[in-house]
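**Student:** Structure incoming, see below.
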Amino acid sequence: MLRFIVQRLLLLPVLLFVFSVVVFILIQAPPGDFLDSYLATLASSGSSVDEAQVVALRQQFGLDEPVHIQYLRWMEHILQGNLGLSLEYQRPNIELIGERLVLTVLLALFSFVFTWAVAIPAGIFSATHPHSGVDYIFTVLNYIGVATPNFMLALILMWVAYSALGLSVTGLFSPEFIDAPWGWARFVDLLKHIWLPMIILGVAGTARLTRVMRANLLDEMTKPYVVTARAKGLSEWRLVLKYPVRLALNPLVSTIGWYLPQLFSGSLIVATVMNLPNIGPLLLRALTSQDMYLAGSILFIYCFLTIVGTLISDILLALLDPRIRMEGAKA
Amino acid sequence: MNAPAPLLSVRNLKVQFALDEGVVRAVEGVSFDVYPGKVFGIVGESGCGKSVAMKAVLRLIEAPGRIVAGEILWRRKPQGGPGSTQEEVVDVTRLDPNGSVMRGLRGAEMALIPQEPMAAFSPVHTIGDQIVEAIRLHQAVSPREGRRLAVELFKSVGMPMPEQRLDAYSWQLSGGLRQRAIIAMALSCNPRLLIADEPTTAVDVTTQAQVLRLLRQLQQERDAAIIFITHDLGVIAQVAHDVLVMYLGLVMEQGPVNAIFHAPKHPYTQALLRSIPTVQSTPREPLPTISGSIPHPFNRPRGCPFHPRCPQSMPGRCDAATPELQAVGPDQSVSCFLYQTAEAKA
Amino acid sequence: MSSPTAAAPPEAELAATAAEERVSVASNWTLVWWRFRKHRLALFCTLLLIGFYLVVLVPDFFATQDPEATDAKQAFIPAQPLHLFNAGQLGLWAPAVAGKRNAITLRMEWQVDETRRIPVGVFVQGEPYKLLGLIETDRHLLGPASGDAKDRLYLLGTDRLGRDQWSRLMFGTRTSMTIGMIAVAFSIVLGVILGGISGYFGGLPDLIIQRLVELLQSLPTIPIWLALTAALPQDWRPEQVFFAITLILSLLGWTTLAREVRGRFLALREEDFVLAAELAGCSRMRIITRHMVPTFMSHIIATSTLAIPVMIINETSLSFLGLGLRPPAISWGVLLQEAQNIQTVALAPWLLVPGLVVIVAVLAFNLVGDGLRDAADPYTH
């Protein structure tokens, strides 16, 4: 078990290195650099910058150096915990990202809990009452949930809230709490706002997971160990919850591997539509203005979150399933 | 000594499965009695309805399957405290399959030794967990006491290192040990009837002999009844007192083991016996087999289900009606027109 | 004395055997079709998708107007729903709209006027175009039939520039459905080739391809897509962007398919019929193309049908965020950009209609894909 986790952890730096290269190539890929687009913007607004100033800026950000030197310098900074300076905002990236990152992770975790809290009971109910009315309703809802893009759902709900209730359900805080320091009151205010994005972000996943849970459980219910347990005289509910549900959860745990990362990156779209203080909209802005180190840092954070999501799922699966756990011990 | 009352009486049991493609008549009117302290063997090829009949006794038939007719009479353990001898007979078919009465019977009074010991245990729970659960479901004992009882059970089925084995998972044990663990679980509440559903098909020959010896020994020690389901006549000859031969959901022949093996009446029983290799068989001579194959369940032959494969089939008779079970000896009965004609003439 | 089982007449027995015979000699594809047609909903959705692809083929024919024609005076006209019956008789018509300038906001406010009916004709003359890019014609499926130039027909209303949303939707359908198809086609080619190499040959190629798949699968999809599309030069022509977006979608989308194909190959390699073919002296190429691929072809088709809606959602989301296709290209995502502002949506809710079309299309693909997947294994159950 320990060995298994250590193996995974050892792989982590390798993956991170590969990702850093990928990310760097991506942020280098657009033709021209930030200064070009910055100058273009300035020129279009009528003002101009003199040549010497441009050269100075270029040197300051190391934009005049060869690509591999730029990469090494970037890596050196990141390893020191320095995410660099935003070209556009002229502020340290870490300041810009800081709280937004916390809120990104928080939103994803909320959606995750929502998904499991809904999908597992719904899946169990559907599988224990197959082809019942409720099962059909769940199935229809699931199909619609999978088919509706996140942003579409957000748009529809925002429109309904706006036209029916006159509410503007954007953002994660009431105006008075936006810049307030963290405290109980601010947290409660967050809870008042986060539920809608939480549901929007979680709907598609909930639909898929309900289907996974239903199929797994139906499959497990036909296994001989269920008959054995029934022959013991166990009551149906205790039996279902102790044996088949327990086994049907294993494949569900392995979905964390793709689901958590999907929530992290999916929050980008919801956050943009609903104007949430999240790293998603910041990335979008950074990409369009070629604020390369800010974009790079955020992309790198997304990569990191993805790996962490997969890692959590692997470890949980090993904890839950003795067959995998013991295999790891033997290997 | 007068004849003891049967522990289990099955009367005209019919089980059907309503599938999209049609109705499968898995059990078509089966009757038999099981007496305490006896081993009752049920023989038949796969798909003849023997396992379904046993699941019906335990009320473990799942939808779309349904008991459509018949009675399953079960003599309960004395209910009125330790000194009581008052035995009550219940019709199992009238009980709610998941109700508390039926659950009190399952495991406590009638226990199942399932077919595949590998799949019969949950792979993510320890064996001890599953056995102690069975014990504590029917006996009010503490977890610690339950575990002690489980160790005792493991010792009685000859499980080496019982303590360690309780904390193992089923997939960590060998086939023979798994089989012993399953038997221990079935015995956990000292049931009056053990239903062994092909307990020796999934294990190799040496283990098979050990398991049979163990079952016989336990049965003698505890005076429990056993229903032994198998397709292997050789095994039946070793363990059973009485034998029932089934084909396509119907009883072909029924009687004491000696009569069935030494004076088989039904052409099907005769054919089955001929296809067992014996020491007397001529070497390098092909074994006789039963011609044809078992019909598809949706495509049951009309009349006697065996007539298309029967060497003594009488056209116009066997393909027209189904023969009823008739006594042909003191305890032996057979359902075949060959014997009904003889009787009618006599 | 006769039991109910004996009641079946011998003809029924013969018929049953004939049915069994028919099943045992039917080809794999026939069996798939037999099972698929049992799913009524999937069958209905197949027809729906055929309808969508008709629009893809000839969007100009279904459009009522030029999708690019702007008219600032005709902005935010509400939808004029098509009615089938006129005064109890079959006859197409749509209500007219009347505009009034709001004295305070100085904005034109449009009302549907049910009393004034614009007759709608089929196969009417309109904008000239080339059918399938070949045949010159000016016939459109629907259009105002009164001949009065003032009668304009906006079946789904207009956007802020006064463009007809119905006509734009037809062209958007062409783009979005095509992108889904082409991206999945690229994915299939990549997935089948790389997955096949991986599964059939094993060893080093398998190792390299599997690591690549793992790497791609552990990338955060949406941010990477954004970064890739943001890297596309701003001055590219719409067709170039279209092609690039398709490529980007499939570059990250082939991995699932590759895994599936690899798994199938690994399982099939052990099958007796492959060994038999090897012993019979078949070449590797022949074994792969004639013996292995046909056994899981139906699975690949089912998986790809389920992959198309994912591509469509992705394209729509990217374009909606402004990083996918850009105007003047028209796609469902581009159309939905008009609905980004919630105040605008409140003013003109019909701008959300392209979103509903996305949902319907994705739903149809998913149902057809599920039906195909269930039907793809005719020998199980």
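By convention in this document, the chains of the structure tokens carry letters A, B, ... by their order, each chain's residues are numbered from 1, and ligands are numbered from 1 in the order they are shown.
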Excluding Gln312 (chain B) and its own-chain neighbours fewer than 4 positions away, which residues fall within 9 Å of it when counting only C-alpha atoms? Please give them as a PyMOL selection string.
**Tutor:** chain B and resi 267+307+338
**Student:** So that I have them on file, write out the residues from the current selection with N, CA and C atoms, as an mmCIF file, in the first residue's frame.
**Tutor:**
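Output saved as part17.cif:
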data_model
loop_
_atom_site.group_PDB
_atom_site.id
_atom_site.type_symbol
_atom_site.label_atom_id
_atom_site.label_comp_id
_atom_site.auth_asym_id
_atom_site.auth_seq_id
_atom_site.Cartn_x
_atom_site.Cartn_y
_atom_site.Cartn_z
ATOM 1 N N PRO B 267 -36.284 -44.939 -19.028
ATOM 2 C CA PRO B 267 -35.224 -44.996 -20.051
ATOM 3 C C PRO B 267 -34.169 -43.892 -19.852
ATOM 4 N N HIS B 307 -39.126 -37.797 -24.929
ATOM 5 C CA HIS B 307 -39.406 -38.720 -26.033
ATOM 6 C C HIS B 307 -38.534 -38.525 -27.270
ATOM 7 N N LEU B 338 -44.251 -46.759 -20.479
ATOM 8 C CA LEU B 338 -43.854 -48.169 -20.541
ATOM 9 C C LEU B 338 -44.434 -48.938 -19.369
#
**Student:** For Ile144 (chain A), find every residue with an atom within 9 Å (counting only C-alpha atoms), except residues of its own chain fewer than 2 positions away, and show them as number ranges by chain.
**Tutor:** A: 139-142, 146-148, 204, 207; C: 359-360, 363
**Student:** Go ahead and write the residues just picked, C-alpha atoms, as a short mmCIF file (atom, residue, chain, number, x, y, z; two decimals), in the first residue's frame.
**Tutor:**
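out19.cif written:
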data_model
loop_
_atom_site.label_atom_id
_atom_site.label_comp_id
_atom_site.auth_asym_id
_atom_site.auth_seq_id
_atom_site.Cartn_x
_atom_site.Cartn_y
_atom_site.Cartn_z
CA THR A 139 -33.27 8.16 -16.67
CA VAL A 140 -34.91 11.04 -18.57
CA LEU A 141 -33.35 13.61 -16.22
CA ASN A 142 -29.98 11.92 -16.68
CA VAL A 146 -25.69 14.94 -19.88
CA ALA A 147 -26.92 16.70 -23.01
CA THR A 148 -27.03 20.23 -21.58
CA ALA A 204 -23.76 16.68 -15.95
CA ALA A 207 -26.29 12.44 -14.36
CA ILE C 359 -29.40 20.04 -26.37
CA VAL C 360 -31.73 18.26 -28.79
CA LEU C 363 -29.62 14.13 -26.80
#
**Student:** For chain C, list the residues within 7 Å of chain A, counting only C-alpha atoms, and write the list as an mmCIF file with C-alpha atoms, in the first residue's frame.
**Tutor:**
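Contents of part_10.cif, freshly written:
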data_model
loop_
_atom_site.group_PDB
_atom_site.id
_atom_site.type_symbol
_atom_site.label_atom_id
_atom_site.label_comp_id
_atom_site.auth_asym_id
_atom_site.auth_seq_id
_atom_site.Cartn_x
_atom_site.Cartn_y
_atom_site.Cartn_z
ATOM 1 C CA SER C 218 -4.176 13.711 -17.538
ATOM 2 C CA LEU C 219 -4.141 17.130 -19.198
ATOM 3 C CA PRO C 220 -6.878 19.512 -18.049
ATOM 4 C CA THR C 221 -8.907 19.482 -21.277
ATOM 5 C CA ILE C 222 -10.752 22.768 -21.324
ATOM 6 C CA PRO C 223 -7.840 25.035 -20.283
ATOM 7 C CA ALA C 227 -4.631 27.823 -24.754
ATOM 8 C CA LEU C 228 -4.401 26.016 -28.096
ATOM 9 C CA ALA C 230 -5.771 31.235 -28.272
ATOM 10 C CA ALA C 231 -2.529 30.397 -30.036
ATOM 11 C CA LEU C 232 -4.238 30.472 -33.435
ATOM 12 C CA PRO C 233 -3.231 33.601 -35.355
ATOM 13 C CA ILE C 313 -20.568 20.545 -26.767
ATOM 14 C CA ILE C 342 -28.269 38.275 -19.255
ATOM 15 C CA VAL C 345 -31.490 37.498 -22.873
ATOM 16 C CA ALA C 346 -34.215 38.927 -20.680
ATOM 17 C CA GLY C 355 -28.908 26.361 -27.126
ATOM 18 C CA ILE C 359 -29.402 20.041 -26.375
ATOM 19 C CA VAL C 362 -26.699 16.047 -28.277
ATOM 20 C CA LEU C 363 -29.620 14.130 -26.797
#
**Student:** Identify every residue of chain A that has at least one atom within 9 Å of any atom of chain B, counting only C-alpha atoms, and report the result as a ChimeraX atom specification.
**Tutor:** /A:223-236,243-244,246-247,320-323
**Student:** Give me, as a Markdown table, the closest atom pair and its distance (Å, one decimal) for every residue of chain B within a cut-off of 8 Å of chain C, counting only C-alpha atoms, rows sorted by chain and rising number.
**Tutor:**
| residue | atom | partner | partner_atom | distance |
| --- | --- | --- | --- | --- |
| B:Asn299 | CA | C:Glu13 | CA | 6.7 |
| B:Arg300 | CA | C:Thr5 | CA | 7.2 |
| B:Pro301 | CA | C:Ala6 | CA | 7.3 |
| B:Arg302 | CA | C:Ala6 | CA | 4.3 |
| B:Gly303 | CA | C:Ala6 | CA | 5.4 |
| B:Ala320 | CA | C:Ala6 | CA | 7.3 |
| B:Ala321 | CA | C:Ser2 | CA | 5.0 |
| B:Thr322 | CA | C:Ser2 | CA | 5.9 |
| B:Pro323 | CA | C:Met1 | CA | 7.7 |
**Student:** Atoms to include: N, CA and C atoms. Write the selected residues as a tab-separated table (two decimals), in the first residue's frame.
**Tutor:**
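For reference, result-v6.tsv as written:
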chain	number	residue	atom	x	y	z
B	299	ASN	N	-38.76	-24.32	-26.44
B	299	ASN	CA	-39.11	-25.24	-27.50
B	299	ASN	C	-39.31	-26.63	-26.89
B	300	ARG	N	-40.08	-26.68	-25.84
B	300	ARG	CA	-40.29	-27.97	-25.16
B	300	ARG	C	-41.02	-28.93	-26.08
B	301	PRO	N	-40.58	-30.18	-26.10
B	301	PRO	CA	-41.31	-31.16	-26.91
B	301	PRO	C	-42.68	-31.39	-26.28
B	302	ARG	N	-43.61	-31.76	-27.14
B	302	ARG	CA	-44.93	-32.09	-26.67
B	302	ARG	C	-44.90	-33.48	-26.05
B	303	GLY	N	-45.75	-33.72	-25.07
B	303	GLY	CA	-45.79	-35.05	-24.46
B	303	GLY	C	-44.68	-35.22	-23.45
B	320	ALA	N	-47.78	-37.51	-27.38
B	320	ALA	CA	-49.13	-36.95	-27.31
B	320	ALA	C	-49.45	-36.42	-25.92
B	321	ALA	N	-49.06	-37.13	-24.88
B	321	ALA	CA	-49.43	-36.71	-23.53
B	321	ALA	C	-48.25	-36.91	-22.58
B	322	THR	N	-48.30	-36.22	-21.45
B	322	THR	CA	-47.23	-36.36	-20.47
B	322	THR	C	-47.61	-37.42	-19.46
B	323	PRO	N	-46.79	-38.42	-19.28
B	323	PRO	CA	-47.12	-39.47	-18.31
B	323	PRO	C	-47.04	-38.95	-16.89
**Student:** Excluding region 209-214 of chain A and its own-chain neighbours fewer than 6 positions away, which residues fall within 7 Å of it when counting only C-alpha atoms? Please give them as a PyMOL selection string.
**Tutor:** chain A and resi 119-120+122-124+126-127+248+252
**Student:** Distance CA of Lys130 (chain C)-CA of Glu68 (chain C), one decimal place?
**Tutor:**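 CA of Lys130 (chain C) sits 16.4 Å away from CA of Glu68 (chain C).
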**Student:** For CA of Leu16 (chain A) and CA of Leu247 (chain C), determine how far apart the two atoms are, in Å to one decimal place.
**Tutor:**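 It comes out at 25.3 Å.
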**Student:** Which residues are near Val205 (chain B)? Cut-off 12 Å, only C-alpha atoms, ignore same chain within fewer than 5 positions. Put them as an MDAnalysis selection string.
**Tutor:** chainID B and resid 175:176 200 210:212 235
**Student:** Just to be explicit: take each residue in the selection above, keep N, CA and C atoms, and write the result as a compact mmCIF listing (two decimals), in the first residue's frame.
**Tutor:**
# COMPACT_ATOMS: atom_id res chain seq x y z
N GLY B 175 -9.24 -23.51 -3.39
CA GLY B 175 -10.60 -23.95 -3.67
C GLY B 175 -11.17 -24.82 -2.56
N GLY B 176 -10.36 -25.76 -2.06
CA GLY B 176 -10.84 -26.67 -1.03
C GLY B 176 -11.16 -25.93 0.26
N THR B 200 -19.57 -29.75 -5.43
CA THR B 200 -18.26 -30.32 -5.79
C THR B 200 -17.90 -30.09 -7.25
N GLN B 210 -12.72 -35.11 -0.36
CA GLN B 210 -12.64 -34.57 1.01
C GLN B 210 -13.95 -33.90 1.40
N VAL B 211 -14.49 -33.10 0.49
CA VAL B 211 -15.72 -32.37 0.79
C VAL B 211 -16.87 -33.34 1.04
N LEU B 212 -16.94 -34.40 0.21
CA LEU B 212 -18.01 -35.38 0.39
C LEU B 212 -17.89 -36.07 1.74
N VAL B 235 -21.32 -39.31 -7.66
CA VAL B 235 -21.35 -38.63 -6.37
C VAL B 235 -22.61 -39.02 -5.60
**Student:** If we count only C-alpha atoms and set the cut-off at 12 Å, which residues sit around Leu49 (chain C), ignoring sequence neighbours fewer than 5 positions away in its own chain? Please answer as a PyMOL selection string.
**Tutor:** chain C and resi 42-44+54-56+173+177+305+308-309+357+360-369
**Student:** Could you list, as a PyMOL selection string, every residue within 12 Å of region 290-296 of chain B, counting only C-alpha atoms and ignoring same-chain residues fewer than 2 positions away?
**Tutor:** (chain B and resi 22+24-26+44-48+247-249+267-276+287-288+298-302+305-311) or (chain C and resi 13+16-17+20)
**Student:** Determine which residues of region 42-159 of chain A DSSP labels as helix (DSSP H, G or I) from the backbone of this structure, then write them out as a PDB file with C-alpha atoms, in the first residue's frame.
**Tutor:**
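part22.pdb was written with the following content:
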ATOM      1  CA  LEU A  42      -1.658  51.441 -27.327  1.00  0.00           C
ATOM      2  CA  ALA A  43      -1.258  52.368 -30.978  1.00  0.00           C
ATOM      3  CA  SER A  44      -4.930  51.794 -31.664  1.00  0.00           C
ATOM      4  CA  GLU A  51      11.693  52.670 -28.688  1.00  0.00           C
ATOM      5  CA  ALA A  52      13.985  52.791 -25.616  1.00  0.00           C
ATOM      6  CA  GLN A  53      11.105  52.088 -23.276  1.00  0.00           C
ATOM      7  CA  VAL A  54      10.073  49.021 -25.299  1.00  0.00           C
ATOM      8  CA  VAL A  55      13.627  47.657 -25.198  1.00  0.00           C
ATOM      9  CA  ALA A  56      13.748  48.209 -21.427  1.00  0.00           C
ATOM     10  CA  LEU A  57      10.448  46.407 -20.902  1.00  0.00           C
ATOM     11  CA  ARG A  58      11.609  43.558 -23.105  1.00  0.00           C
ATOM     12  CA  GLN A  59      14.740  43.155 -21.045  1.00  0.00           C
ATOM     13  CA  GLN A  60      12.872  43.378 -17.774  1.00  0.00           C
ATOM     14  CA  PHE A  61      10.666  40.430 -18.688  1.00  0.00           C
ATOM     15  CA  VAL A  67      13.330  30.342 -25.673  1.00  0.00           C
ATOM     16  CA  HIS A  68      15.119  27.694 -23.632  1.00  0.00           C
ATOM     17  CA  ILE A  69      16.670  30.334 -21.363  1.00  0.00           C
ATOM     18  CA  GLN A  70      13.214  31.819 -20.861  1.00  0.00           C
ATOM     19  CA  TYR A  71      11.907  28.369 -19.933  1.00  0.00           C
ATOM     20  CA  LEU A  72      14.723  27.737 -17.457  1.00  0.00           C
ATOM     21  CA  ARG A  73      14.243  31.121 -15.868  1.00  0.00           C
ATOM     22  CA  TRP A  74      10.491  30.463 -15.567  1.00  0.00           C
ATOM     23  CA  MET A  75      11.102  27.057 -13.983  1.00  0.00           C
ATOM     24  CA  GLU A  76      13.670  28.517 -11.599  1.00  0.00           C
ATOM     25  CA  HIS A  77      11.121  31.045 -10.410  1.00  0.00           C
ATOM     26  CA  ILE A  78       8.347  28.474 -10.074  1.00  0.00           C
ATOM     27  CA  LEU A  79      10.542  26.162  -8.039  1.00  0.00           C
ATOM     28  CA  ASN A  93       0.785  36.568 -10.298  1.00  0.00           C
ATOM     29  CA  ILE A  94       0.531  34.879  -6.926  1.00  0.00           C
ATOM     30  CA  GLU A  95      -1.462  37.843  -5.614  1.00  0.00           C
ATOM     31  CA  LEU A  96      -3.839  37.686  -8.544  1.00  0.00           C
ATOM     32  CA  ILE A  97      -4.286  33.940  -8.319  1.00  0.00           C
ATOM     33  CA  GLY A  98      -4.306  33.512  -4.530  1.00  0.00           C
ATOM     34  CA  GLU A  99      -7.884  33.784  -3.397  1.00  0.00           C
ATOM     35  CA  ARG A 100      -9.291  32.876  -6.799  1.00  0.00           C
ATOM     36  CA  LEU A 101      -7.513  29.542  -6.552  1.00  0.00           C
ATOM     37  CA  VAL A 102      -9.055  28.853  -3.146  1.00  0.00           C
ATOM     38  CA  LEU A 103     -12.482  29.636  -4.544  1.00  0.00           C
ATOM     39  CA  THR A 104     -11.859  27.448  -7.615  1.00  0.00           C
ATOM     40  CA  VAL A 105     -10.959  24.451  -5.470  1.00  0.00           C
ATOM     41  CA  LEU A 106     -13.834  25.169  -3.109  1.00  0.00           C
ATOM     42  CA  LEU A 107     -16.394  25.312  -5.917  1.00  0.00           C
ATOM     43  CA  ALA A 108     -15.116  22.054  -7.402  1.00  0.00           C
ATOM     44  CA  LEU A 109     -15.240  20.316  -4.030  1.00  0.00           C
ATOM     45  CA  PHE A 110     -18.756  21.585  -3.344  1.00  0.00           C
ATOM     46  CA  SER A 111     -19.910  20.300  -6.730  1.00  0.00           C
ATOM     47  CA  PHE A 112     -18.179  17.019  -6.072  1.00  0.00           C
ATOM     48  CA  VAL A 113     -19.951  16.500  -2.752  1.00  0.00           C
ATOM     49  CA  PHE A 114     -23.247  17.529  -4.361  1.00  0.00           C
ATOM     50  CA  THR A 115     -22.738  15.008  -7.164  1.00  0.00           C
ATOM     51  CA  TRP A 116     -22.037  12.102  -4.848  1.00  0.00           C
ATOM     52  CA  ALA A 117     -24.754  13.043  -2.396  1.00  0.00           C
ATOM     53  CA  VAL A 118     -27.299  12.967  -5.218  1.00  0.00           C
ATOM     54  CA  ALA A 119     -25.927  10.330  -7.582  1.00  0.00           C
ATOM     55  CA  ILE A 120     -25.418   7.511  -5.095  1.00  0.00           C
ATOM     56  CA  PRO A 121     -28.906   7.476  -3.523  1.00  0.00           C
ATOM     57  CA  ALA A 122     -30.496   8.048  -6.935  1.00  0.00           C
ATOM     58  CA  GLY A 123     -28.444   5.235  -8.472  1.00  0.00           C
ATOM     59  CA  ILE A 124     -29.270   2.862  -5.624  1.00  0.00           C
ATOM     60  CA  PHE A 125     -32.948   3.652  -5.879  1.00  0.00           C
ATOM     61  CA  SER A 126     -32.992   3.177  -9.663  1.00  0.00           C
ATOM     62  CA  ALA A 127     -31.142  -0.125  -9.460  1.00  0.00           C
ATOM     63  CA  THR A 128     -33.303  -1.538  -6.693  1.00  0.00           C
ATOM     64  CA  GLY A 133     -41.734   5.168 -12.696  1.00  0.00           C
ATOM     65  CA  VAL A 134     -39.076   6.896 -10.625  1.00  0.00           C
ATOM     66  CA  ASP A 135     -36.371   4.978 -12.462  1.00  0.00           C
ATOM     67  CA  TYR A 136     -37.721   6.270 -15.791  1.00  0.00           C
ATOM     68  CA  ILE A 137     -37.883   9.838 -14.485  1.00  0.00           C
ATOM     69  CA  PHE A 138     -34.290   9.572 -13.304  1.00  0.00           C
ATOM     70  CA  THR A 139     -33.267   8.165 -16.674  1.00  0.00           C
ATOM     71  CA  VAL A 140     -34.909  11.040 -18.566  1.00  0.00           C
ATOM     72  CA  LEU A 141     -33.349  13.611 -16.223  1.00  0.00           C
ATOM     73  CA  ASN A 142     -29.980  11.922 -16.678  1.00  0.00           C
ATOM     74  CA  TYR A 143     -30.136  12.115 -20.456  1.00  0.00           C
ATOM     75  CA  ILE A 144     -31.073  15.781 -20.337  1.00  0.00           C
ATOM     76  CA  GLY A 145     -28.397  16.477 -17.725  1.00  0.00           C
ATOM     77  CA  VAL A 146     -25.693  14.943 -19.878  1.00  0.00           C
ATOM     78  CA  ALA A 147     -26.920  16.701 -23.010  1.00  0.00           C
ATOM     79  CA  ASN A 150     -22.767  23.787 -18.526  1.00  0.00           C
ATOM     80  CA  PHE A 151     -22.894  27.287 -19.920  1.00  0.00           C
ATOM     81  CA  MET A 152     -26.342  26.703 -21.400  1.00  0.00           C
ATOM     82  CA  LEU A 153     -27.674  25.546 -18.035  1.00  0.00           C
ATOM     83  CA  ALA A 154     -26.094  28.577 -16.376  1.00  0.00           C
ATOM     84  CA  LEU A 155     -27.643  30.902 -18.960  1.00  0.00           C
ATOM     85  CA  ILE A 156     -31.101  29.397 -18.569  1.00  0.00           C
ATOM     86  CA  LEU A 157     -31.044  29.471 -14.764  1.00  0.00           C
ATOM     87  CA  MET A 158     -29.663  33.015 -14.700  1.00  0.00           C
ATOM     88  CA  TRP A 159     -32.334  34.116 -17.136  1.00  0.00           C
TER      89      TRP A 159
END
**Student:** For a test of reading the model, state the distance in Å between CA of Phe36 (chain C) and CA of Asp370 (chain C), rounded to one decimal.
**Tutor:**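 Straight-line distance from CA of Phe36 (chain C) to CA of Asp370 (chain C) works out to 9.6 Å.
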**Student:** Write out as a compact mmCIF listing (two decimals) with N, CA and C atoms, in the first residue's frame the residues lying within 8 Å of Gln65 (chain C), counting only C-alpha atoms and excluding same-chain residues fewer than 2 positions away.
**Tutor:**
# COMPACT_ATOMS: atom_id res chain seq x y z
N ALA C 63 -32.99 27.93 -45.20
CA ALA C 63 -32.97 29.31 -44.72
C ALA C 63 -34.01 30.13 -45.45
N PRO C 67 -28.24 34.91 -44.19
CA PRO C 67 -27.90 34.91 -42.76
C PRO C 67 -27.04 36.09 -42.36
N ALA C 69 -27.32 39.23 -43.73
CA ALA C 69 -27.96 40.52 -43.99
C ALA C 69 -28.33 41.20 -42.68
N GLY C 126 -36.70 33.15 -53.56
CA GLY C 126 -36.03 34.05 -52.64
C GLY C 126 -34.63 34.34 -53.14
N GLU C 127 -33.71 34.51 -52.19
CA GLU C 127 -32.31 34.75 -52.53
C GLU C 127 -31.79 33.65 -53.46
N ASP C 164 -31.63 37.45 -39.29
CA ASP C 164 -32.67 36.45 -39.09
C ASP C 164 -32.08 35.22 -38.40
N SER C 167 -32.45 31.63 -40.20
CA SER C 167 -31.51 31.37 -41.29
C SER C 167 -30.10 31.16 -40.74
